[in-house]
Structures are given as structure tokens and as C-alpha cells.
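A.B. asks: I'd like to ask you about the structure that follows.
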There are 2 protein chains.
Amino acid sequence: MTEATTTRRGRGGGGAARRAERTAVRIDCARFIERNIPDFEVLTPEAIEIIEANADRVLAEIGVNFVENPAALERWRQAGAEVTGERVRIPPGLARQLCATAPASFTQAARNPERSVEIGGRNLVLAPVYGPPFVRDIRGGRRYATMADFETLVKLGYMSKWLHHSGGTVCEPTDIAVNKRHFDMLLAHMTLSDKPFMGSVTEPSRARDSVEMCEILFGKQFVSENVVMTSLININSPLTFDATMMGALEVYAEAGQATIISPFVVGGAMAPVSVAGTLTQVLAEVLAGVAYSQLVRPGAPVIAGTFVTSIDMNSGAPTFGTPEAAQITYGMGQLARRLRLPYRSAGAFNGSKLPDAQAAYESANSLQAGLLSGVNFMLHACGWLEGGLVTSFEKFVMDADQLGALHKFAAGIDIGEEAQAMAALEEVGPGGHFLGCAHTQSHFKSAFWRSDLLDYKPFEQWFEEGGSDTMSLAAARVEKLLAQYQKPPLDPGIAEALSDHVARRKAEMPDAFT
Amino acid sequence: MTEATTTRRGRGGGGAARRAERTAVRIDCARFIERNIPDFEVLTPEAIEIIEANADRVLAEIGVNFVENPAALERWRQAGAEVTGERVRIPPGLARQLCATAPASFTQAARNPERSVEIGGRNLVLAPVYGPPFVRDIRGGRRYATMADFETLVKLGYMSKWLHHSGGTVCEPTDIAVNKRHFDMLLAHMTLSDKPFMGSVTEPSRARDSVEMCEILFGKQFVSENVVMTSLININSPLTFDATMMGALEVYAEAGQATIISPFVVGGAMAPVSVAGTLTQVLAEVLAGVAYSQLVRPGAPVIAGTFVTSIDMNSGAPTFGTPEAAQITYGMGQLARRLRLPYRSAGAFNGSKLPDAQAAYESANSLQAGLLSGVNFMLHACGWLEGGLVTSFEKFVMDADQLGALHKFAAGIDIGEEAQAMAALEEVGPGGHFLGCAHTQSHFKSAFWRSDLLDYKPFEQWFEEGGSDTMSLAAARVEKLLAQYQKPPLDPGIAEALSDHVARRKAEMPDAFT
């Protein structure tokens, strides 16, 4: 067992907190990735010029709709846009100019300061799957997700070394009323993990509830001065900004909290069937959305998002891990960097019903594109299955294991004298072997990334031990991680205040299902 | 069925050949990939300078061994190297200078001229797995490979649209004597497929046999003027060139036939545990090997190869699809381009025992690195399983399907007016959808790459139809392709001459097992 060793923690806290810490299991968590590799760029300077000019034309001539949101229309009017009904036409250059006040990078604080993440620049922060109404595991099969599943997933995220972020709706807890589940979800992230997390966006009031709970966890003053949530604001592509999502955006921007402003595009349905056309639309949508966030509060931290899949024209199903999605991921990375905005895209996307080879091919294709495209915040980095309908427990740990490889690759190639290994080459010489040489002895432990999950055994041993496939190995790992899990220490006063608050607020309101 | 349609072929030939062609099934085969994307480069100019200088030092100070090969030593002496015993020390700059006569790209002719491939430049040619002594399929499990398996694999390669090359030892036909099996293998490639193929390298005499059979297939004159085989010459890393492989190289170079000169490295065992050290050694080995080919015959077509895996320091097993292997694949691509040599690396590598998620993650990681690193010839692009011990029939078609995605991605992003889709964006506008718009109607058929294997069905339909995983889908595809298979037309006179030749040559010699 390499991941958890019992140890005393160095942080301060009250007496009860200290007592809790004394028995705590220490969980390894990698620092967010700081890329020491270049970005892969698919767009030529000429292509960038065309797409940027076209996006400006889309905003100026076609415009975007801000639906049922008179205050937003008024903000746009004041900023110099042409507003007709709910249509906002933005003169060339205006959106880009408004975007300039958004920070190029920001820190999201975690309650454990060692887990705080810096989003932007050369960094890559990895967060789990978001949104599935179903879960699947090897024992229970596919079923509607519950709050118990949600808690299990938060625990798995906490135990996953290469995951920097606890995420948000790791599955939809369908056994809790829609208008109340955000309380339980936040409580789980706040108490079962000490990694950073996301807030609710399904109603402006729920965004306010999220800020309020953060004020209990972090303190009011701290929340007013720090980013403690990064929440997902989807754009209703094509070119539509609905009142719910914009209402949540407004709450978060006003509170100085971060949002991901993200077109949600199934190419061929919500965007043109061409990559260049989709990039144009996505850029226009991101420009309008980010500009709007800066109208609400200049300097509000935002991430330029892109969620892109394309439709299978035979079945109508969305497809994942495809070459077109990769092209858009790479291209939008270039365009986001030109806006000096943090960039969100990619994830362990796939359309498979099972955590099988299809799931892995598609996920690996998409993870690689995310790594090399310069993504700064990767939602859905583990656990995604069946086009996002299902969170798979096994896939969660399978993907989370692969994320370790991204860390190692992103560190780049050490070219220092020791890494050059000239003495080893001399020592071994033609026809020898390096297994016993001094250089190998000094470095073998850290030289190569090693999976904590996959099978490296000789065939005979693997066969005698039952011949498990990856799904079975993953199921065993899920069990092992959950057996090892212990809550991270939290001041008991804060824990109590949080659970009291959730109980009280939930009791105040009738159940609702929207 | 989209892949095979009965059609009359346009090629000439004798009357019998024409009759054969009249009933032939037309098999789609994609043209080799011409990359319209940049290369991903992980080495800084400074890193390149260090590695190149170190490789020169390795050649000059440590040197390489040419084992049991006095003629090779004499060639090196004459060229200006310092020869002591079997050790050859090559003065700085000499190897690089000798490499300069090797062509930057060359055409390998196939017997069907439409299948000829151009190896080098921005191109990528895809060939199947090479070397496994075992095969595996869903029905027969894992077993020693036979000539019947070999033929099945050649047929699958012929039926695989995205595979440009028939390969070489797609599995070891262990039921045929070692000294005779090259005849049967070549006969299978020559008669069951019309794609280009590889020759035997396990003995210089078998290389000569390979040339002789090509002379029957293509004609003597044609073989003397064209590359008709690209064969795999492994270097015995570290820094050792054995007489068998060099003997085969000599035969092929003298005949003007192409070879891949390829270090075979398990990092930590046959090379240092560091990426920079391994790149240094691999570059030194490639420089010495390619230089030697040019000493044999200046202008002989060669490919700079790199086969790199690293050892798992816990189990001693080789590992695949790892970040270190990707770094070496990318880095060696840069170094090979500086030598203006075609580059061979990557493949659908994995260490899994089954065509499961592990196999797919590792394979996809490796295929992506191959695509973006500028590889020109990718051996093992499909079918590889269990660290190269096994050719899997199901994995063969799974990987071969993924190769289609590489084609689409490598084509780059169309930025022409039609692809910009401005009219579609205008037509649809905010809140609409693109499914029915004119642009989508015109382009939907070719807009998105589509798998011929993976599952895109809605969950309910998938479940009712039996809930197959990728391995089962692949097994069904193997059966379908084999059921559709028909031999490509071949002049009956040539076919007869080939089989007579093989029968006669095999009868002339006693069975041998080395």
C-alpha cells in the first residue's frame, strides 16, 4: 500500500481538530500539473485570423440571445451593444475588449491549503466526471444514482492521488428532491474530501446557497477575498444564454467566485458539421459569455470552456474520442490562449456502455488531446461512461490511474547531467546490460511511471491468479480504496454548523422536482 | 456493407487474370496518410544539441561492436573508423556524414500499384504487428500460432481499409520448420494480399530467398530498380550489431531493398533508465546502423527505427503506452528529421493479456504519440497484445478501426469557405438547430469519422441486443471480414511459379529449428 500511511499532520486547529488529525490517514495527492512541454497547435496563423474574424462577424451580425433576462440586456446596451428584443449584437472588438479584465489565472482555495489549485498559465487541474443521472459498477450494474453513490464517488476522488479537484455533480443523487440535493452534494464535498470543489448552478438561489455554505466552511471574510468554488455555466448552443445559467453566473461573478463559461455542443446538431464552423461558433459564444461575466463584475475569474462532441449521423448518438473533437479541443486551446483566459476542455470521454476497450480507446484519445492542447481545467477527467449518462465506479479508478501518466509526460524530459547517463553508457558498454549499473540503482525507483492498477504480471502468474481483465482489477481497487478511506480532519464546530445548516434549510422548503 | 463492392477492375493482365478480376470483390484501402498537421516536439534546441553531442561521444569513445563480421570491420576501417577487435569507434561527424547518402523518402512498390506506399516526408504508412509466437481469439484462447493463423491475419490485413501494408511476421507460424517458414509467410503475403510486405531477416540466406521470390512476383528487372520489401533489422542494444541481422541488412542493401534499422530497447535493461540517456544511445545506434548500410551501398533506402519500452522495476516485465516511451518516440522523431531519414516508431503497444481496457488505453496512448511524433512507418499498428507475445485477432480489427481516426485527424482542419459555414450559422441563428440546415445536408456523410466497429447505439437497444463489449463486437467483425474475403487477383502463371518455387525449395532442405 503506497498511497495511505498513518502520520501526524502538521496543520494547526482546535483541540478536537488536533485529536482528529492525530489518527488521520495521510492520503497522497499530487500537485496540479505544471506543464513543461509545448502545446500542440493545429490552427495555422491564417486559420486563426479567419476564425477570429468570423466569430466577430457572428457576434456583430447574427448576435446572441440573452433569454428572459432584462438586466443582462440593459448591461449590454450600456456597454455599447445593439439590443433588439432578446437579441444582442456586439460590435467587432467589444467582446474581446471586455474579456481583457478577466484574470489570466487564479487560485481556487481548498480547505486544506495543500490542495489549493492554480488555474491558468501552464497548469492543468484535473476534476472528475460531472452530471450523470446513472451509476454503474460491476456488482450493481446500471442504475439511477443516489446520494450514497455520490458520497462513494467523493471518497474515491479524495483517495485518487492524481485528481486535484473533488468536482461537482459527480453523479445526480436522484433520491433527493431537485431543489435540495445541492445542499447534500456540497456537504459531501466539504466534509468527505479536502480538495477544491464546484458550486450549484441549477438555479440562481442555489448558487447563493452554495456561497452561503462556503462562508460557513471558510469564513465570510475568506470567501469575499478568495475563490473557493469554480462552477460550470453551460451556454445553450447555438448562441443562447438562458436565465437560469446566467442567473447563477451573476451570483458567482458578484461574489468573486469562478465560473467555467462553456458552450455545450453536439456538432451537427448545436453547431455546424464542420470543425472550422464549430470553432467559430464556440469562440463567439465564449467571447459573449466571458464578456458578460466582466460586465457583471470586471475581474471576475472565468474559464473559457469548450465541451464538444459530434453526432453520429447514422444513429443520432453523440460520439466521443473522435478526431473532430480533438481538432476542436486543440484549436480552441490556441484561441483561448490568445484571449489570455484559462481553458477548460477534454476529459475521459467515451460513448461505451461498459468500461471496456471502446471506453478506454476513446478516453485515452480525449485525455491525450486535453494534455497536449493546453487545457487548464479538465472536468470529466475520470469516471465518465456512456456519453455522460453514467458514472462508472470502475472507470473512475481506471481513468484516475491514467492521469498519473499525464503528470509524468507533462514534466518534460530531464536533460541534466545525471539524466544524460553518460557514465552509465560507458560503464555498461556494447553488449552489456543496465540492470545492475550504478545509474540504474540510483534512479530505478522514480525513473518510470508505474500504474497502480494495470496488470504487469507474466502470463502464467496472471492466468493462475484468475486471469482478471481491467474491469475486475478496477473493481478490486474501488473496494480497496473505500476500505482505506478515512474522512479528512475538519474542525468539529464547522462540521456541525454545516450539517445543522443543511438540515435547517432542507426542512424549510417543500420538495420540488425542477 | 460499405467496404466491399463487386466491380470490374481497370488493370491489365493475361486473359486468365482478367477473368479472375471480373469476379473479384473490390476492397477499399485508404491511401497512406499525408500529414497536414505539425509535429509535436518535446526536445528543446538545447536538449537536441546535448543529445547529439553525447551520441557522437558514444560512437567515438565507447564505440559499437560488429560481431563475427570481418567484412563489416574492414568496411569501417576503410571509412576511417578506429577498429579494435570487434569494437568500432567512429570519429565525430563521420556517421552523420555517411547517413547523408540515404534517401529522405522512397516508394515501396506493391504488386497492386494502387497500394504502393511512399515512406518518408510527411507520410505515415501503417503496418500490422510483427513477431508474436502466440495468437489469441475469443473462441480458441491463447495458443501457439500456426501457418493457418498467419494466413488468417494476412487476410484480415488485406480487408482492413486503414492498413496500408501487409507487414511481415504477423505471427510466427510455429508449425513450420524455422528454416522454411519464411517461404510460406512470403507466399501468403504475395498471394493473399496485394499490399506491400516485408522480407525475412532471420538469416542472410533467407533474405536472399526473399529477394528471389520477389523476382518471381515482380520480375527481376523490376526488383533491381524498385523497392519491393521493407524489412526489419534489429540492433542488439546496447551498441551491438550481430552477424545475422547485419548479414540480412547487407543482402537487402546490396539488392537496393529497404530496411528499418531499429534499436530494440527495454529501458532500464538495454538502455539507461533515463529518457535523455536512452535517446542518446538510440541515436548513436541508429547513426552507426544507417551509416553501415550506406557503406554497403550508398543510397540504400533505410528507415531510422526506434522500438522502446521500459522495464517495470517491480516485476521485470516490459511496459507499454507509458509516458517515458512517448517522450522517446517524440524525441527520436525530432532527431530522425534532423538526419533527413524516414522514421519508424510506435504501434498499438500494450502489456495486457486481453483486448480489454488496459490494452486500449496503452494502445491509444502509443498510437497518438506515433501520429503526432512524425512517424513515417508504423509497425505493430494493429493486433499487438501481451507485450508482443500474442497477436490477437480481435485486437487486430479493434486497432485497425482506430487507425481510421488517425487518417482523419492527420488531414488537418479544412478552413475553406464552405467549411467556415458562415451561411449555416446565419441560417440557423440563436436557439435553432443544425440538423436540417443546407450545410449539414450537404456534408453530413463525410463530416465526421465513424467507427466501423464501436458501439453507438442507445443503451436500451444495446442492452436488448445482448449488451456486447468491444471484444465481442470485434470477434463478430473478424468473422464478417473473413466471410467476405476473396483473394486479390494474381496472374495464374505467377501464382503457380511462386507455389512451385516454394514447394521445391522447401523439399530441398531438411527441417531445422533455428
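Labeling convention for the C-alpha cells: chains A, B, ... as they appear, residues from 1 per chain, ligands from 1 in order of appearance.
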Check the DSSP output for the backbone and give back, as a ChimeraX atom specification, the residues of stretch 106-227 of chain B in alpha helix (DSSP H).
C.D. replies: /B:147-159,181-192,204-218,220-225
A.B. asks: Could you list, as a PyMOL selection string, every residue within 9 Å of stretch 157-164 of chain B, counting only C-alpha atoms and ignoring same-chain residues fewer than 5 positions away?
C.D. replies: chain B and resi 3-4+27-32+115-117+125-128+152+192-196+381-382+396-397+400-404+407+481-482+484-485+488
A.B. asks: Limited to C-alpha atoms, could you put the picked residues into a file as a tab-separated table (two decimals), in the first residue's frame?
C.D. replies:
```tsv
chain	number	residue	atom	x	y	z
B	3	GLU	CA	-16.11	-1.98	-47.65
B	4	ALA	CA	-16.51	-4.46	-50.42
B	27	ILE	CA	-11.72	-3.90	-51.22
B	28	ASP	CA	-11.37	-0.31	-50.03
B	29	CYS	CA	-7.89	0.64	-49.00
B	30	ALA	CA	-7.04	4.11	-47.82
B	31	ARG	CA	-4.06	5.87	-49.31
B	32	PHE	CA	-1.14	6.21	-46.86
B	115	ARG	CA	-1.25	0.03	-52.90
B	116	SER	CA	2.33	1.25	-53.31
B	117	VAL	CA	3.45	3.45	-50.43
B	125	VAL	CA	2.40	4.15	-43.53
B	126	LEU	CA	0.63	1.69	-41.21
B	127	ALA	CA	1.61	-1.98	-40.94
B	128	PRO	CA	0.37	-4.74	-38.59
B	152	THR	CA	-6.00	-15.53	-41.45
B	192	LEU	CA	-3.49	-13.47	-50.17
B	193	SER	CA	-2.92	-9.71	-50.25
B	194	ASP	CA	-1.85	-7.13	-52.79
B	195	LYS	CA	-0.41	-4.70	-50.25
B	196	PRO	CA	3.34	-4.17	-49.79
B	381	ALA	CA	-0.14	-0.55	-35.76
B	382	CYS	CA	-2.71	-3.27	-35.05
B	396	PHE	CA	-6.28	-6.60	-34.81
B	397	VAL	CA	-9.65	-5.30	-36.00
B	400	ALA	CA	-7.31	-1.28	-37.36
B	401	ASP	CA	-10.58	0.57	-36.82
B	402	GLN	CA	-8.87	3.22	-34.66
B	403	LEU	CA	-6.36	3.80	-37.45
B	404	GLY	CA	-9.20	5.42	-39.39
B	407	HIS	CA	-6.28	9.41	-41.04
B	481	LEU	CA	-14.32	-9.78	-42.74
B	482	LEU	CA	-13.15	-13.36	-43.22
B	484	GLN	CA	-16.25	-11.50	-47.19
B	485	TYR	CA	-12.64	-12.18	-48.04
B	488	PRO	CA	-7.00	-10.36	-54.83
```
A.B. asks: Closest to A:Leu295 among A:Glu250, A:Asp149, A:Glu464, A:Asp184, using only C-alpha atoms?
C.D. replies: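 For A:Leu295, the nearest of the candidates is A:Glu250.
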A.B. asks: Using only C-alpha atoms, which protein or nucleic acid residues come within 8 Å of A:Leu454? Drop anything in the same chain fewer than 4 positions from it, and give the result as a list in words.
C.D. replies: Thr470 and Leu473 of chain A; Gln358 of chain B
A.B. asks: Run DSSP on the backbone and tell me which residues of stretch 40-282 of chain B come out as strand (DSSP E); list them as number ranges by chain.
C.D. replies: B: 64-66, 82-84, 87-89, 105-108, 117-120, 123-126, 134-137, 141-144, 230-235, 240-241, 258-267
A.B. asks: I'd like the neighbourhood of stretch 364-371 of chain A as a PyMOL selection string, where a residue qualifies if any of its atoms comes within 6 Å (using only C-alpha atoms), though same-chain residues fewer than 3 positions away should be ignored.
C.D. replies: (chain A and resi 321+326+346-348+360-361+375) or (chain B and resi 361+364)
A.B. asks: Just to be explicit: take each residue in the selection above, keep N, CA and C atoms, and write the result as a PDB file, in the first residue's frame.
C.D. replies:
```
ATOM      1  N   GLY A 321     -14.168  10.939 -28.276  1.00  0.00           N
ATOM      2  CA  GLY A 321     -12.812  10.491 -28.565  1.00  0.00           C
ATOM      3  C   GLY A 321     -12.534  10.471 -30.055  1.00  0.00           C
ATOM      4  N   ALA A 326     -11.048  16.160 -31.173  1.00  0.00           N
ATOM      5  CA  ALA A 326      -9.654  16.500 -30.843  1.00  0.00           C
ATOM      6  C   ALA A 326      -9.235  17.779 -31.569  1.00  0.00           C
ATOM      7  N   ALA A 346     -11.800  18.802 -22.876  1.00  0.00           N
ATOM      8  CA  ALA A 346     -11.443  17.380 -22.811  1.00  0.00           C
ATOM      9  C   ALA A 346     -12.004  16.672 -21.572  1.00  0.00           C
ATOM     10  N   GLY A 347     -11.466  15.489 -21.284  1.00  0.00           N
ATOM     11  CA  GLY A 347     -11.994  14.615 -20.251  1.00  0.00           C
ATOM     12  C   GLY A 347     -11.896  13.184 -20.751  1.00  0.00           C
ATOM     13  N   ALA A 348     -12.260  12.245 -19.880  1.00  0.00           N
ATOM     14  CA  ALA A 348     -12.171  10.824 -20.257  1.00  0.00           C
ATOM     15  C   ALA A 348     -13.448  10.417 -20.984  1.00  0.00           C
ATOM     16  N   ALA A 360     -11.899   2.821 -23.221  1.00  0.00           N
ATOM     17  CA  ALA A 360     -10.504   3.188 -22.996  1.00  0.00           C
ATOM     18  C   ALA A 360      -9.868   3.851 -24.222  1.00  0.00           C
ATOM     19  N   TYR A 361     -10.120   3.315 -25.411  1.00  0.00           N
ATOM     20  CA  TYR A 361      -9.603   3.976 -26.628  1.00  0.00           C
ATOM     21  C   TYR A 361     -10.086   5.425 -26.670  1.00  0.00           C
ATOM     22  N   VAL A 375      -5.063  22.494 -22.068  1.00  0.00           N
ATOM     23  CA  VAL A 375      -6.202  22.626 -21.153  1.00  0.00           C
ATOM     24  C   VAL A 375      -5.702  22.971 -19.746  1.00  0.00           C
TER      25      VAL A 375
ATOM     26  N   TYR B 361      -6.219   1.541 -23.552  1.00  0.00           N
ATOM     27  CA  TYR B 361      -5.559   2.756 -23.033  1.00  0.00           C
ATOM     28  C   TYR B 361      -4.123   2.828 -23.553  1.00  0.00           C
ATOM     29  N   ALA B 364      -3.889   3.251 -27.396  1.00  0.00           N
ATOM     30  CA  ALA B 364      -4.269   4.595 -27.848  1.00  0.00           C
ATOM     31  C   ALA B 364      -3.183   5.602 -27.494  1.00  0.00           C
TER      32      ALA B 364
END
```
A.B. asks: I want to know what sits within 9 Å of B:Pro510, based on only C-alpha atoms, with residues of the same chain fewer than 2 positions away left out; could you give that as a CSV table (one decimal) with N, CA and C atoms, in the first residue's frame?
C.D. replies:
```
chain,number,residue,atom,x,y,z
B,177,ALA,N,8.9,-25.6,-40.0
B,177,ALA,CA,10.3,-25.5,-39.6
B,177,ALA,C,10.8,-24.1,-39.7
B,179,ASN,N,13.6,-22.9,-40.6
B,179,ASN,CA,14.4,-22.6,-41.8
B,179,ASN,C,13.5,-22.6,-43.1
B,506,LYS,N,11.5,-25.8,-50.3
B,506,LYS,CA,11.3,-26.5,-49.0
B,506,LYS,C,11.7,-27.9,-49.1
B,507,ALA,N,11.4,-28.6,-50.2
B,507,ALA,CA,11.8,-30.0,-50.4
B,507,ALA,C,13.3,-30.2,-50.4
B,508,GLU,N,14.0,-29.2,-50.9
B,508,GLU,CA,15.5,-29.3,-51.0
B,508,GLU,C,16.2,-29.4,-49.7
B,512,ALA,N,14.9,-27.5,-40.0
B,512,ALA,CA,15.8,-27.1,-39.0
B,512,ALA,C,15.0,-26.1,-38.0
```
A.B. asks: For A:Asn54, work out the shell of residues within 8 Å, counting only C-alpha atoms and skipping chain neighbours fewer than 4 positions away, then give it as a list in words.
C.D. replies: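 Selected residues are Ile50, Val58 and Thr280 of chain A; Met422 of chain B.
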A.B. asks: Go through stretch 51-139 of chain B residue by residue and, counting only C-alpha atoms, keep those with an atom at most 12 Å from stretch 299-312 of chain B; for each kept residue give the shortest atom pair and its distance in Å to one decimal, ordered by chain and increasing number, as a Markdown table.
C.D. replies:
```
| residue | atom | partner | partner_atom | distance |
| --- | --- | --- | --- | --- |
| B:Leu98 | CA | B:Gly299 | CA | 9.9 |
| B:Cys99 | CA | B:Gly299 | CA | 9.0 |
| B:Ala100 | CA | B:Gly299 | CA | 8.6 |
| B:Thr101 | CA | B:Gly299 | CA | 5.0 |
| B:Ala102 | CA | B:Gly299 | CA | 4.7 |
| B:Pro103 | CA | B:Pro301 | CA | 5.9 |
| B:Ala104 | CA | B:Pro301 | CA | 8.4 |
| B:Ser105 | CA | B:Pro301 | CA | 7.8 |
| B:Phe106 | CA | B:Pro301 | CA | 6.8 |
| B:Thr107 | CA | B:Pro301 | CA | 9.4 |
| B:Gln108 | CA | B:Pro301 | CA | 9.9 |
| B:Glu118 | CA | B:Pro301 | CA | 11.8 |
| B:Ile119 | CA | B:Ile303 | CA | 8.5 |
| B:Gly120 | CA | B:Ile303 | CA | 8.3 |
| B:Gly121 | CA | B:Ile303 | CA | 11.5 |
```
A.B. asks: Taking 2 positions as the minimum chain separation for residues in the same chain, which residues sit within 10 Å of B:Ile494 when counting only C-alpha atoms? Answer as a PDB file with N, CA and C atoms, in the first residue's frame.
C.D. replies:
```pdb
ATOM      1  N   THR B 191       0.261 -13.730 -52.174  1.00  0.00           N
ATOM      2  CA  THR B 191      -0.913 -14.261 -52.880  1.00  0.00           C
ATOM      3  C   THR B 191      -2.238 -13.907 -52.195  1.00  0.00           C
ATOM      4  N   ILE B 216      10.286 -13.423 -58.766  1.00  0.00           N
ATOM      5  CA  ILE B 216       9.223 -14.181 -59.441  1.00  0.00           C
ATOM      6  C   ILE B 216       7.942 -13.349 -59.497  1.00  0.00           C
ATOM      7  N   LEU B 217       7.617 -12.694 -58.388  1.00  0.00           N
ATOM      8  CA  LEU B 217       6.356 -11.934 -58.319  1.00  0.00           C
ATOM      9  C   LEU B 217       6.393 -10.689 -59.199  1.00  0.00           C
ATOM     10  N   PHE B 218       7.480  -9.930 -59.073  1.00  0.00           N
ATOM     11  CA  PHE B 218       7.531  -8.614 -59.742  1.00  0.00           C
ATOM     12  C   PHE B 218       8.328  -8.647 -61.051  1.00  0.00           C
ATOM     13  N   GLY B 219       9.170  -9.676 -61.246  1.00  0.00           N
ATOM     14  CA  GLY B 219      10.132  -9.685 -62.358  1.00  0.00           C
ATOM     15  C   GLY B 219      11.487  -9.180 -61.870  1.00  0.00           C
ATOM     16  N   LEU B 490      -4.408 -12.412 -59.149  1.00  0.00           N
ATOM     17  CA  LEU B 490      -2.976 -12.530 -59.437  1.00  0.00           C
ATOM     18  C   LEU B 490      -2.855 -13.398 -60.685  1.00  0.00           C
ATOM     19  N   ASP B 491      -1.975 -12.991 -61.568  1.00  0.00           N
ATOM     20  CA  ASP B 491      -1.740 -13.763 -62.786  1.00  0.00           C
ATOM     21  C   ASP B 491      -1.506 -15.229 -62.404  1.00  0.00           C
ATOM     22  N   PRO B 492      -2.308 -16.163 -62.931  1.00  0.00           N
ATOM     23  CA  PRO B 492      -2.189 -17.572 -62.516  1.00  0.00           C
ATOM     24  C   PRO B 492      -0.798 -18.134 -62.787  1.00  0.00           C
ATOM     25  N   GLU B 496       1.359 -19.805 -59.814  1.00  0.00           N
ATOM     26  CA  GLU B 496       1.871 -21.171 -59.928  1.00  0.00           C
ATOM     27  C   GLU B 496       3.387 -21.208 -59.758  1.00  0.00           C
ATOM     28  N   ALA B 497       4.062 -20.277 -60.396  1.00  0.00           N
ATOM     29  CA  ALA B 497       5.524 -20.221 -60.288  1.00  0.00           C
ATOM     30  C   ALA B 497       5.946 -20.025 -58.839  1.00  0.00           C
ATOM     31  N   LEU B 498       5.207 -19.187 -58.131  1.00  0.00           N
ATOM     32  CA  LEU B 498       5.534 -18.946 -56.719  1.00  0.00           C
ATOM     33  C   LEU B 498       5.346 -20.216 -55.897  1.00  0.00           C
ATOM     34  N   SER B 499       4.216 -20.884 -56.072  1.00  0.00           N
ATOM     35  CA  SER B 499       3.975 -22.049 -55.210  1.00  0.00           C
ATOM     36  C   SER B 499       4.894 -23.199 -55.604  1.00  0.00           C
ATOM     37  N   ASP B 500       5.193 -23.336 -56.888  1.00  0.00           N
ATOM     38  CA  ASP B 500       6.187 -24.344 -57.298  1.00  0.00           C
ATOM     39  C   ASP B 500       7.544 -24.058 -56.655  1.00  0.00           C
TER      40      ASP B 500
END
```
A.B. asks: Using Å and a single decimal, report how far atom CA of B:Ala55 sits from atom CA of B:Leu287.
C.D. replies: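 Those two atoms sit 8.6 Å apart.
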A.B. asks: By how many Å are atom CA of B:Leu239 and atom CA of B:Thr202 apart?
C.D. replies: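 Computing the Euclidean distance for atom CA of B:Leu239 and atom CA of B:Thr202 yields 19.3 Å.
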A.B. asks: Could you check which of A:Leu43, A:Ala81, A:Met190, A:Ile415 is closest to A:Gln327, using only C-alpha atoms?
C.D. replies: A:Leu43
A.B. asks: Could you work out how far atom CA of B:Val135 lies from atom CA of B:Val154, giving the answer in Å with one decimal?
C.D. replies: 13.3 Å
A.B. asks: Pick from B:Val275, B:Arg338, B:Ile138, B:Gly466: nearest to B:Val478, with only C-alpha atoms counted?
C.D. replies: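 Closest candidate: B:Ile138.
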A.B. asks: Restricting the calculation to only C-alpha atoms: of A:Leu341, A:Val64, A:Ala248, A:Ala503, which residue gets closest to chain B?
C.D. replies: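 Closest to chain B, using only C-alpha atoms: A:Val64.
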A.B. asks: Taking into account only C-alpha atoms, which residue in the set B:Asn376, B:Asn65, B:Gln281, B:Thr244 is nearest to B:Ala53?
C.D. replies: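 Closest to B:Ala53 of all the choices is B:Gln281.
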A.B. asks: Point out the residue among B:Glu212, B:Glu225, B:Glu46, B:Glu151 with the least atom-to-atom distance to B:His189, counting only C-alpha atoms.
C.D. replies: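 Once distances to B:His189 are computed over only C-alpha atoms, the minimum belongs to B:Glu151.
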